[in-house]
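Listing of coords.cif; format and content: mmCIF, C-alpha atoms (C1' of nucleotides).
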```
data_my_file
#
loop_
_atom_site.label_atom_id
_atom_site.label_comp_id
_atom_site.auth_asym_id
_atom_site.auth_seq_id
_atom_site.Cartn_x
_atom_site.Cartn_y
_atom_site.Cartn_z
CA MET L 1 151.93 -11.67 -7.80
CA PRO L 2 154.58 -11.07 -5.11
CA GLU L 3 158.06 -12.59 -5.22
CA ARG L 4 158.36 -15.78 -3.24
CA ALA L 5 161.26 -16.39 -0.89
CA LEU L 6 163.43 -19.47 -1.40
CA PRO L 7 162.79 -21.85 1.47
CA TYR L 8 166.45 -22.45 2.12
CA ARG L 9 167.40 -18.79 2.16
CA PRO L 10 166.75 -16.83 5.35
CA HIS L 11 163.45 -15.00 5.06
CA ASN L 12 160.66 -13.69 7.20
CA HIS L 13 158.58 -16.78 7.19
CA ASP L 14 155.57 -15.16 8.82
CA VAL L 15 155.09 -13.41 5.52
CA CYS L 16 154.90 -16.77 3.72
CA VAL L 17 152.21 -17.89 6.13
CA SER L 18 150.11 -14.75 6.02
CA ASP L 19 150.40 -14.50 2.23
CA ALA L 20 149.38 -18.11 1.84
CA LEU L 21 146.39 -17.71 4.14
CA ALA L 22 145.28 -14.51 2.47
CA GLN L 23 145.58 -16.09 -0.92
CA ALA L 24 143.65 -19.14 0.25
CA ARG L 25 140.82 -17.02 1.65
CA PHE L 26 140.66 -15.10 -1.59
CA LEU L 27 140.60 -18.18 -3.80
CA CYS L 28 137.99 -19.94 -1.69
CA ARG L 29 135.71 -16.94 -1.68
CA GLU L 30 136.09 -16.75 -5.44
CA GLN L 31 135.17 -20.41 -5.87
CA ASN L 32 132.42 -20.51 -3.25
CA ALA L 33 134.46 -23.03 -1.33
CA ARG L 34 134.22 -23.08 2.42
CA LEU L 35 137.55 -22.52 4.09
CA THR L 36 136.32 -23.61 7.51
CA THR L 37 138.20 -23.19 10.78
CA ILE L 38 139.73 -26.64 10.67
CA ARG L 39 140.75 -26.38 7.05
CA GLU L 40 142.34 -23.00 7.56
CA ARG L 41 144.12 -24.21 10.67
CA VAL L 42 145.50 -27.25 8.81
CA LEU L 43 146.72 -25.00 6.02
CA GLU L 44 148.37 -22.72 8.56
CA LEU L 45 150.07 -25.67 10.26
CA ILE L 46 151.38 -26.93 6.94
CA TRP L 47 152.76 -23.50 6.18
CA GLN L 48 154.55 -23.27 9.51
CA SER L 49 157.65 -24.35 7.64
CA HIS L 50 158.80 -25.34 4.18
CA LYS L 51 159.22 -28.91 5.36
CA PRO L 52 156.54 -31.37 4.38
CA LEU L 53 154.29 -32.35 7.25
CA GLY L 54 152.78 -35.81 7.67
CA ALA L 55 149.06 -36.24 8.30
CA TYR L 56 149.75 -37.57 11.77
CA ASP L 57 152.07 -34.65 12.54
CA ILE L 58 149.19 -32.35 11.69
CA LEU L 59 146.90 -34.43 13.85
CA ALA L 60 149.30 -34.09 16.78
CA LYS L 61 149.46 -30.32 16.34
CA LEU L 62 145.69 -30.08 16.24
CA SER L 63 145.52 -32.08 19.44
CA ALA L 64 148.11 -29.75 20.97
CA ASP L 65 145.69 -26.93 20.11
CA GLY L 66 143.29 -28.65 22.48
CA HIS L 67 141.34 -29.62 19.41
CA ASN L 68 139.68 -32.95 19.59
CA SER L 69 140.44 -34.80 16.35
CA ALA L 70 140.90 -38.10 14.65
CA PRO L 71 142.62 -39.08 11.38
CA PRO L 72 139.58 -38.48 9.16
CA THR L 73 139.44 -34.86 10.30
CA VAL L 74 142.92 -34.29 8.98
CA TYR L 75 142.55 -36.32 5.82
CA ARG L 76 139.33 -34.56 4.94
CA ALA L 77 140.87 -31.16 5.44
CA LEU L 78 143.82 -32.26 3.33
CA ASP L 79 141.53 -33.53 0.58
CA PHE L 80 139.83 -30.17 0.49
CA LEU L 81 143.12 -28.29 0.37
CA LEU L 82 144.48 -30.60 -2.33
CA GLN L 83 141.35 -30.25 -4.42
CA HIS L 84 141.54 -26.49 -4.26
CA GLY L 85 145.22 -26.44 -5.12
CA LEU L 86 146.28 -25.01 -1.77
CA VAL L 87 148.64 -27.81 -0.81
CA HIS L 88 150.55 -30.56 -2.55
CA ARG L 89 151.13 -34.10 -1.50
CA ILE L 90 154.71 -35.34 -1.70
CA ALA L 91 154.28 -39.00 -2.60
CA SER L 92 157.85 -39.99 -1.88
CA LEU L 93 157.48 -38.72 1.70
CA ASN L 94 153.80 -39.33 2.44
CA ALA L 95 153.63 -35.72 3.47
CA PHE L 96 152.17 -32.37 2.52
CA VAL L 97 153.52 -28.90 1.72
CA GLY L 98 151.87 -25.60 1.04
CA CYS L 99 151.42 -24.80 -2.62
CA ALA L 100 153.64 -21.93 -3.64
CA HIS L 101 151.56 -21.17 -6.72
CA ALA L 102 148.01 -21.43 -5.51
CA GLY L 103 145.55 -20.22 -8.08
CA GLU L 104 147.87 -20.76 -11.02
CA SER L 105 147.19 -23.97 -12.84
CA HIS L 106 150.42 -25.90 -12.71
CA ARG L 107 152.08 -29.22 -12.14
CA GLY L 108 154.24 -29.30 -9.10
CA THR L 109 157.95 -29.96 -9.42
CA PHE L 110 159.66 -30.28 -6.08
CA LEU L 111 163.26 -30.02 -4.96
CA ILE L 112 163.52 -31.86 -1.65
CA CYS L 113 166.66 -31.43 0.42
CA ARG L 114 167.71 -34.64 2.15
CA ASP L 115 169.69 -32.67 4.69
CA CYS L 116 167.49 -29.82 5.92
CA GLY L 117 164.22 -31.28 4.70
CA ASN L 118 163.05 -28.08 3.03
CA VAL L 119 161.12 -28.28 -0.19
CA LEU L 120 161.16 -25.79 -3.01
CA GLU L 121 158.35 -25.89 -5.51
CA LEU L 122 159.69 -25.06 -8.92
CA ASP L 123 157.89 -23.46 -11.74
CA ALA L 124 159.71 -25.21 -14.56
CA PRO L 125 157.90 -24.90 -17.86
CA ALA L 126 160.78 -26.52 -19.74
CA VAL L 127 160.45 -29.63 -17.60
CA THR L 128 156.68 -29.70 -17.96
CA GLU L 129 157.08 -29.36 -21.70
CA ALA L 130 159.67 -32.16 -21.87
CA VAL L 131 157.44 -34.44 -19.81
CA GLU L 132 154.40 -33.76 -21.95
CA SER L 133 156.35 -34.22 -25.10
CA ALA L 134 157.71 -37.56 -23.90
CA ALA L 135 154.19 -38.70 -23.00
CA ARG L 136 152.88 -37.53 -26.38
CA ALA L 137 155.58 -39.53 -28.12
CA GLU L 138 153.99 -42.63 -26.57
CA ALA L 139 150.48 -41.44 -27.38
CA PHE L 140 149.87 -41.24 -23.68
CA HIS L 141 147.48 -38.69 -22.25
CA PRO L 142 148.80 -37.42 -18.89
CA ASP L 143 146.46 -36.15 -16.16
CA ASP L 144 148.73 -35.98 -13.23
CA VAL L 145 152.49 -35.72 -12.94
CA THR L 146 154.43 -36.58 -9.80
CA LEU L 147 157.89 -35.06 -10.05
CA GLU L 148 159.96 -35.05 -6.90
CA ILE L 149 163.69 -34.45 -6.96
CA ALA L 150 165.53 -35.48 -3.82
CA GLY L 151 169.03 -34.19 -3.27
CA VAL L 152 171.00 -31.55 -1.46
CA CYS L 153 170.09 -27.88 -1.52
CA PRO L 154 172.68 -25.13 -2.03
CA ARG L 155 172.69 -24.14 1.61
CA CYS L 156 173.44 -27.68 2.76
CA ARG L 157 175.71 -28.57 -0.13
CA PRO L 158 179.11 -27.20 0.89
CA LEU L 159 178.89 -28.71 4.35
CA SER L 160 177.06 -31.81 3.17
CA GLY L 161 176.14 -33.68 6.31
CA ALA L 162 178.24 -31.54 8.64
CA SER L 163 175.26 -29.74 10.12
CA ARG L 164 171.57 -29.39 9.70
CA HIS L 165 169.82 -26.20 8.60
CA ASP L 166 166.34 -25.84 9.85
CA MET C 1 170.04 -55.23 -26.12
CA PRO C 2 166.74 -56.69 -27.34
CA GLU C 3 163.70 -54.60 -28.18
CA ARG C 4 161.23 -54.28 -25.37
CA ALA C 5 157.52 -54.78 -25.90
CA LEU C 6 155.15 -52.00 -24.91
CA PRO C 7 153.14 -53.18 -21.94
CA TYR C 8 149.84 -52.07 -23.39
CA ARG C 9 150.40 -53.70 -26.77
CA PRO C 10 149.72 -57.40 -27.08
CA HIS C 11 152.94 -59.31 -26.67
CA ASN C 12 154.20 -62.64 -25.53
CA HIS C 13 154.65 -61.75 -21.95
CA ASP C 14 156.48 -64.94 -21.04
CA VAL C 15 159.38 -63.51 -22.98
CA CYS C 16 159.39 -60.42 -20.74
CA VAL C 17 159.56 -62.64 -17.68
CA SER C 18 162.25 -64.97 -18.93
CA ASP C 19 164.34 -62.10 -20.29
CA ALA C 20 164.06 -60.25 -17.01
CA LEU C 21 165.05 -63.30 -14.99
CA ALA C 22 167.95 -64.14 -17.27
CA GLN C 23 169.18 -60.57 -17.09
CA ALA C 24 168.84 -60.56 -13.31
CA ARG C 25 170.82 -63.76 -12.95
CA PHE C 26 173.51 -62.37 -15.19
CA LEU C 27 173.78 -59.06 -13.35
CA CYS C 28 173.82 -60.69 -9.93
CA ARG C 29 176.54 -63.13 -10.91
CA GLU C 30 178.53 -60.20 -12.28
CA GLN C 31 178.18 -58.29 -9.00
CA ASN C 32 178.62 -61.26 -6.68
CA ALA C 33 175.11 -60.66 -5.42
CA ARG C 34 173.07 -63.61 -4.28
CA LEU C 35 169.84 -63.94 -6.21
CA THR C 36 168.34 -66.44 -3.77
CA THR C 37 165.22 -68.50 -4.33
CA ILE C 38 162.96 -66.02 -2.57
CA ARG C 39 164.44 -63.01 -4.29
CA GLU C 40 164.16 -64.60 -7.68
CA ARG C 41 160.60 -65.70 -6.96
CA VAL C 42 159.62 -62.18 -5.90
CA LEU C 43 161.15 -60.78 -9.06
CA GLU C 44 159.26 -63.34 -11.12
CA LEU C 45 155.99 -62.46 -9.39
CA ILE C 46 156.54 -58.78 -10.04
CA TRP C 47 157.17 -59.51 -13.66
CA GLN C 48 153.99 -61.55 -14.00
CA SER C 49 152.47 -58.43 -15.46
CA HIS C 50 153.29 -54.84 -16.27
CA LYS C 51 151.05 -53.70 -13.45
CA PRO C 52 152.73 -52.62 -10.25
CA LEU C 53 152.35 -55.11 -7.45
CA GLY C 54 151.99 -54.17 -3.79
CA ALA C 55 154.17 -55.77 -1.16
CA TYR C 56 151.18 -57.51 0.36
CA ASP C 57 150.07 -58.80 -3.03
CA ILE C 58 153.47 -60.38 -3.34
CA LEU C 59 153.13 -61.77 0.14
CA ALA C 60 149.80 -63.35 -0.76
CA LYS C 61 151.27 -64.94 -3.88
CA LEU C 62 154.16 -66.35 -1.90
CA SER C 63 151.69 -67.83 0.56
CA ALA C 64 149.74 -69.30 -2.35
CA ASP C 65 153.01 -71.01 -3.34
CA GLY C 66 152.78 -72.76 -0.01
CA HIS C 67 155.65 -70.59 1.10
CA ASN C 68 155.50 -69.58 4.68
CA SER C 69 156.21 -65.85 4.83
CA ALA C 70 155.72 -62.58 6.65
CA PRO C 71 156.06 -58.95 5.56
CA PRO C 72 159.80 -58.66 6.30
CA THR C 73 160.51 -61.48 3.89
CA VAL C 74 158.94 -59.52 1.08
CA TYR C 75 160.35 -56.15 2.02
CA ARG C 76 163.84 -57.58 2.33
CA ALA C 77 163.62 -59.19 -1.07
CA LEU C 78 162.31 -55.92 -2.49
CA ASP C 79 165.16 -53.96 -0.90
CA PHE C 80 167.62 -56.29 -2.52
CA LEU C 81 165.96 -56.00 -5.91
CA LEU C 82 165.74 -52.21 -5.62
CA GLN C 83 169.37 -51.92 -4.62
CA HIS C 84 170.45 -53.97 -7.59
CA GLY C 85 168.28 -52.00 -9.98
CA LEU C 86 166.04 -54.95 -10.83
CA VAL C 87 162.77 -53.36 -9.79
CA HIS C 88 161.42 -49.86 -9.23
CA ARG C 89 159.14 -48.59 -6.55
CA ILE C 90 156.21 -46.49 -7.74
CA ALA C 91 155.80 -44.00 -4.90
CA SER C 92 152.40 -42.76 -6.00
CA LEU C 93 151.03 -46.33 -5.81
CA ASN C 94 153.09 -47.89 -3.03
CA ALA C 95 153.86 -50.66 -5.44
CA PHE C 96 156.66 -52.23 -7.43
CA VAL C 97 157.34 -52.97 -11.09
CA GLY C 98 160.11 -54.78 -12.88
CA CYS C 99 162.85 -52.56 -14.18
CA ALA C 100 162.82 -52.49 -17.96
CA HIS C 101 166.40 -51.26 -18.15
CA ALA C 102 168.22 -53.34 -15.55
CA GLY C 103 171.94 -52.89 -15.75
CA GLU C 104 171.76 -49.52 -17.44
CA SER C 105 172.19 -46.65 -15.05
CA HIS C 106 169.07 -44.57 -15.40
CA ARG C 107 166.37 -42.62 -13.69
CA GLY C 108 162.97 -44.16 -14.07
CA THR C 109 160.21 -42.24 -15.79
CA PHE C 110 156.89 -44.04 -15.65
CA LEU C 111 153.70 -43.76 -17.63
CA ILE C 112 150.92 -45.22 -15.49
CA CYS C 113 147.55 -45.91 -17.08
CA ARG C 114 144.66 -45.18 -14.74
CA ASP C 115 142.42 -47.45 -16.72
CA CYS C 116 144.30 -50.69 -17.35
CA GLY C 117 146.93 -50.14 -14.66
CA ASN C 118 149.86 -50.99 -16.90
CA VAL C 119 153.09 -49.10 -16.48
CA LEU C 120 155.57 -48.24 -19.18
CA GLU C 121 159.06 -47.27 -18.12
CA LEU C 122 160.34 -44.62 -20.45
CA ASP C 123 163.87 -43.93 -21.38
CA ALA C 124 163.55 -40.19 -21.86
CA PRO C 125 166.92 -38.47 -21.96
CA ALA C 126 165.32 -35.14 -22.87
CA VAL C 127 163.24 -35.23 -19.71
CA THR C 128 166.20 -36.22 -17.57
CA GLU C 129 168.19 -33.40 -19.08
CA ALA C 130 165.42 -30.86 -18.48
CA VAL C 131 165.06 -31.99 -14.88
CA GLU C 132 168.78 -31.77 -14.21
CA SER C 133 169.01 -28.43 -15.85
CA ALA C 134 166.14 -27.07 -13.73
CA ALA C 135 167.79 -28.39 -10.58
CA ARG C 136 171.11 -26.88 -11.62
CA ALA C 137 169.44 -23.52 -12.12
CA GLU C 138 168.60 -23.61 -8.40
CA ALA C 139 172.08 -24.84 -7.48
CA PHE C 140 170.43 -28.01 -6.28
CA HIS C 141 172.27 -31.32 -6.46
CA PRO C 142 169.80 -34.12 -7.30
CA ASP C 143 170.41 -37.71 -6.18
CA ASP C 144 167.11 -39.29 -6.88
CA VAL C 145 164.24 -38.35 -9.16
CA THR C 146 160.71 -39.65 -8.78
CA LEU C 147 158.84 -39.08 -12.02
CA GLU C 148 155.48 -40.76 -12.37
CA ILE C 149 152.99 -39.71 -15.00
CA ALA C 150 149.45 -40.91 -14.43
CA GLY C 151 147.00 -40.76 -17.30
CA VAL C 152 145.42 -42.86 -19.99
CA CYS C 153 147.41 -45.08 -22.32
CA PRO C 154 146.74 -45.24 -26.08
CA ARG C 155 144.98 -48.56 -25.88
CA CYS C 156 142.51 -47.30 -23.28
CA ARG C 157 142.24 -43.80 -24.68
CA PRO C 158 139.58 -44.10 -27.41
CA LEU C 159 137.20 -46.03 -25.15
CA SER C 160 138.20 -44.16 -22.03
CA GLY C 161 136.41 -45.91 -19.19
CA ALA C 162 134.22 -48.05 -21.43
CA SER C 163 136.12 -51.22 -20.67
CA ARG C 164 139.22 -52.38 -18.93
CA HIS C 165 142.23 -53.86 -20.69
CA ASP C 166 144.20 -56.26 -18.63
"C1'" DC R 1 185.37 -82.53 7.25
"C1'" DC R 2 184.14 -78.99 10.59
"C1'" DT R 3 184.08 -74.85 12.59
"C1'" DG R 4 183.05 -70.34 12.83
"C1'" DC R 5 181.56 -66.11 10.62
"C1'" DA R 6 178.55 -63.47 7.75
"C1'" DA R 7 174.55 -63.22 5.17
"C1'" DA R 8 169.87 -64.51 4.66
"C1'" DT R 9 165.52 -65.95 6.47
"C1'" DG R 10 161.87 -66.92 10.10
"C1'" DT R 11 158.87 -65.03 13.63
"C1'" DT R 12 156.41 -61.96 16.49
"C1'" DA R 13 155.09 -57.76 17.42
"C1'" DT R 14 154.31 -53.04 16.43
"C1'" DA R 15 154.57 -48.54 14.01
"C1'" DA R 16 152.99 -45.45 10.46
"C1'" DT R 17 149.72 -44.18 7.07
"C1'" DG R 18 145.11 -44.04 5.29
"C1'" DT R 19 139.90 -45.40 4.86
"C1'" DT R 20 134.89 -46.75 5.84
"C1'" DG R 21 130.53 -46.03 7.74
"C1'" DC R 22 127.38 -43.89 10.34
"C1'" DA R 23 125.68 -40.35 13.60
"C1'" DA R 24 125.56 -35.55 15.09
"C1'" DA R 25 126.09 -30.81 14.19
"C1'" DT R 26 126.33 -26.98 11.24
"C1'" DT R 27 125.47 -24.23 7.22
"C1'" DT R 28 122.85 -23.15 3.17
"C1'" DT R 29 118.68 -22.77 0.68
"C1'" DG R 30 113.90 -22.56 -0.41
"C1'" DC Y 1 111.54 -21.89 9.91
"C1'" DA Y 2 112.10 -26.46 7.75
"C1'" DA Y 3 114.38 -29.38 4.47
"C1'" DA Y 4 118.54 -30.45 2.22
"C1'" DA Y 5 123.30 -30.54 1.85
"C1'" DT Y 6 127.74 -30.11 3.72
"C1'" DT Y 7 130.88 -30.64 7.36
"C1'" DT Y 8 132.55 -32.72 11.53
"C1'" DG Y 9 132.88 -36.34 15.35
"C1'" DC Y 10 133.81 -40.81 16.31
"C1'" DA Y 11 134.89 -45.77 16.36
"C1'" DA Y 12 136.56 -49.25 14.06
"C1'" DC Y 13 139.40 -51.08 10.62
"C1'" DA Y 14 142.53 -51.61 6.42
"C1'" DT Y 15 146.92 -51.12 4.35
"C1'" DT Y 16 151.81 -50.35 4.18
"C1'" DA Y 17 156.20 -50.74 6.48
"C1'" DT Y 18 159.69 -51.57 10.20
"C1'" DA Y 19 162.01 -53.27 14.64
"C1'" DA Y 20 164.07 -56.72 17.29
"C1'" DC Y 21 165.71 -61.02 17.97
"C1'" DA Y 22 166.07 -66.06 17.00
"C1'" DT Y 23 167.35 -69.49 13.56
"C1'" DT Y 24 169.17 -71.30 9.45
"C1'" DT Y 25 172.10 -71.36 5.46
"C1'" DG Y 26 176.25 -70.74 2.61
"C1'" DC Y 27 180.87 -70.41 2.50
"C1'" DA Y 28 186.06 -69.65 3.62
"C1'" DG Y 29 189.93 -71.14 6.24
"C1'" DG Y 30 191.97 -74.37 9.26
#
```
Translate the structure of the given file into structure tokens.
Amino acid sequence: MPERALPYRPHNHDVCVSDALAQARFLCREQNARLTTIRERVLELIWQSHKPLGAYDILAKLSADGHNSAPPTVYRALDFLLQHGLVHRIASLNAFVGCAHAGESHRGTFLICRDCGNVLELDAPAVTEAVESAARAEAFHPDDVTLEIAGVCPRCRPLSGASRHD
Amino acid sequence: MPERALPYRPHNHDVCVSDALAQARFLCREQNARLTTIRERVLELIWQSHKPLGAYDILAKLSADGHNSAPPTVYRALDFLLQHGLVHRIASLNAFVGCAHAGESHRGTFLICRDCGNVLELDAPAVTEAVESAARAEAFHPDDVTLEIAGVCPRCRPLSGASRHD
DNA sequence: CCTGCAAATGTTATAATGTTGCAAATTTTG
DNA sequence: CAAAATTTGCAACATTATAACATTTGCAGG
């Protein structure tokens, strides 16, 4: 498993995209899931940055491709990608980001920068453990955890509102 | 500070409502905030159960009161109640619940039962600590944490889908 | 009291997000 | 190849949320 770049550190982002697509193709083949043209294109669009993309943003980009689409096209592709753990939905933003840990079973924990908009998906076993332990203490059986931390990322912190880092 | 009932245990729910309203009146007086008729009514409607209520559900109930309202009325009341820490928004449901810890500064952690729909607001310092520590490890400065745990509550667990507990 | 300001509410319209249902096309399977 | 299943196209619609501007209400100072 290769090292992942931090979204808010400079990095060659093309590598993120090509890694994500390669990984997606691999996982879909493995699971006999059909990563069709549209689905792959939606995944690629989502990975074009580390900023969550709204369904209608994706729709607009598909249309810009010359592709003839309507909301259900996008939502269906997103459902597929969500089901196969290739993207995550950010409930607090009604938007979608590429999954940084596709193939590993995990619960997403997201750091969302208010300033630059980038999202970092954490792998935080201590948090997961604390959450599960708290649920257990109430005899509650969790299926699905939404954990989204909005704030300011280290790159935006010192300047805090002075400028925007895309 | 009185003990709070667990939403999914039988309890005299009128006490929840009257406690919440009394607490709200107290806090608003203290902060020179105007808990107007509409705002108080919206808070009361939200507290009518431990199930999150959508903005348009609230709107419908206001209309049923004979009250003549439109979406902005509800959203403005909700903004007020959110700002004063009297309700929480559940992002994963686009809905609102009464705050079980009004007046205490806290980050809401919610256990949401898929079956009965009730929501329990946890006070889970260990979780909060783990979340902050994980953010710190990334030099991230959190302002706002969305933590919503969907699953099955103890009352619905053993029967799991057999029946619904309202 | 009343006047004038600020806060709250009313009203209309519209934006943004997400879903349903059915038909056509494509892919898989026997 | 033909039948079945999956995917996509398409039109309409449902739900959630906000913008802009007019009107009313509550309240402080003259």
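Nearest to chain Y of all the residues L:Cys153, L:Ala20, L:Ala137, L:Ala33 is L:Ala33, counting only C-alpha atoms (C1' of nucleotides).
Note that the spacing between atom CA of C:Ala130 and atom CA of L:Leu120 amounts to 16.8 Å.
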What is the distance, in Å and to one decimal place, between atom CA of C:His101 and atom CA of L:Thr146? 20.7 Å
Spatial neighbours of C:Asp143, 10 Å, all atoms listed in the file, chain gap at least 6 places, as a PDB file with C-alpha atoms, in the coordinates of the input:
```pdb
ATOM      1  CA  CYS L 113     166.660 -31.430   0.420  1.00  0.00           C
ATOM      2  CA  ARG L 114     167.710 -34.640   2.150  1.00  0.00           C
ATOM      3  CA  ILE L 149     163.690 -34.450  -6.960  1.00  0.00           C
ATOM      4  CA  ALA L 150     165.530 -35.480  -3.820  1.00  0.00           C
ATOM      5  CA  GLY L 151     169.030 -34.190  -3.270  1.00  0.00           C
ATOM      6  CA  VAL L 152     171.000 -31.550  -1.460  1.00  0.00           C
TER       7      VAL L 152
ATOM      8  CA  ARG C 107     166.370 -42.620 -13.690  1.00  0.00           C
TER       9      ARG C 107
END
```
So which one's closest to chain L, C:Thr128, C:Cys116, C:Ala64, C:Ala91? Using all atoms listed in the file, please. C:Ala91
Please, which residues of chain L lie no more than 9 Å from chain R when the count uses all atoms listed in the file, and can they be set out as a PyMOL selection string? chain L and resi 54-56+71-72+75+94
Show me, as an NGL selection string, the residues of chain L whose atoms get within 10 Å of chain C, using only C-alpha atoms for the distance check. :L and (6 or 89-94 or 109-114 or 120 or 122-136 or 138-157)
Can you rebuild stretch 48-62 of chain L with N, CA and C atoms and give it as a short mmCIF file (atom, residue, chain, number, x, y, z; two decimals), in the coordinates of the input?
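Writing done, so here's result_11.cif:
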```
data_model
loop_
_atom_site.label_atom_id
_atom_site.label_comp_id
_atom_site.auth_asym_id
_atom_site.auth_seq_id
_atom_site.Cartn_x
_atom_site.Cartn_y
_atom_site.Cartn_z
N GLN L 48 153.65 -23.70 8.43
CA GLN L 48 154.55 -23.27 9.51
C GLN L 48 156.02 -23.46 9.15
N SER L 49 156.28 -24.28 8.15
CA SER L 49 157.65 -24.35 7.64
C SER L 49 157.59 -24.76 6.18
N HIS L 50 158.75 -24.85 5.55
CA HIS L 50 158.80 -25.34 4.18
C HIS L 50 159.12 -26.82 4.15
N LYS L 51 159.01 -27.46 5.31
CA LYS L 51 159.22 -28.91 5.36
C LYS L 51 157.88 -29.60 5.28
N PRO L 52 157.80 -30.64 4.48
CA PRO L 52 156.54 -31.37 4.38
C PRO L 52 156.13 -31.93 5.73
N LEU L 53 154.83 -31.92 5.97
CA LEU L 53 154.29 -32.35 7.25
C LEU L 53 153.41 -33.57 7.00
N GLY L 54 153.60 -34.62 7.79
CA GLY L 54 152.78 -35.81 7.67
C GLY L 54 151.40 -35.59 8.26
N ALA L 55 150.43 -36.37 7.82
CA ALA L 55 149.06 -36.24 8.30
C ALA L 55 149.01 -36.40 9.82
N TYR L 56 149.80 -37.32 10.33
CA TYR L 56 149.75 -37.57 11.77
C TYR L 56 150.51 -36.50 12.55
N ASP L 57 151.44 -35.82 11.92
CA ASP L 57 152.07 -34.65 12.54
C ASP L 57 151.03 -33.55 12.70
N ILE L 58 150.24 -33.37 11.65
CA ILE L 58 149.19 -32.35 11.69
C ILE L 58 148.19 -32.70 12.78
N LEU L 59 147.84 -33.96 12.83
CA LEU L 59 146.90 -34.43 13.85
C LEU L 59 147.43 -34.10 15.25
N ALA L 60 148.70 -34.35 15.47
CA ALA L 60 149.30 -34.09 16.78
C ALA L 60 149.24 -32.60 17.11
N LYS L 61 149.48 -31.76 16.10
CA LYS L 61 149.46 -30.32 16.34
C LYS L 61 148.04 -29.84 16.63
N LEU L 62 147.08 -30.43 15.95
CA LEU L 62 145.69 -30.08 16.24
C LEU L 62 145.34 -30.46 17.68
#
```
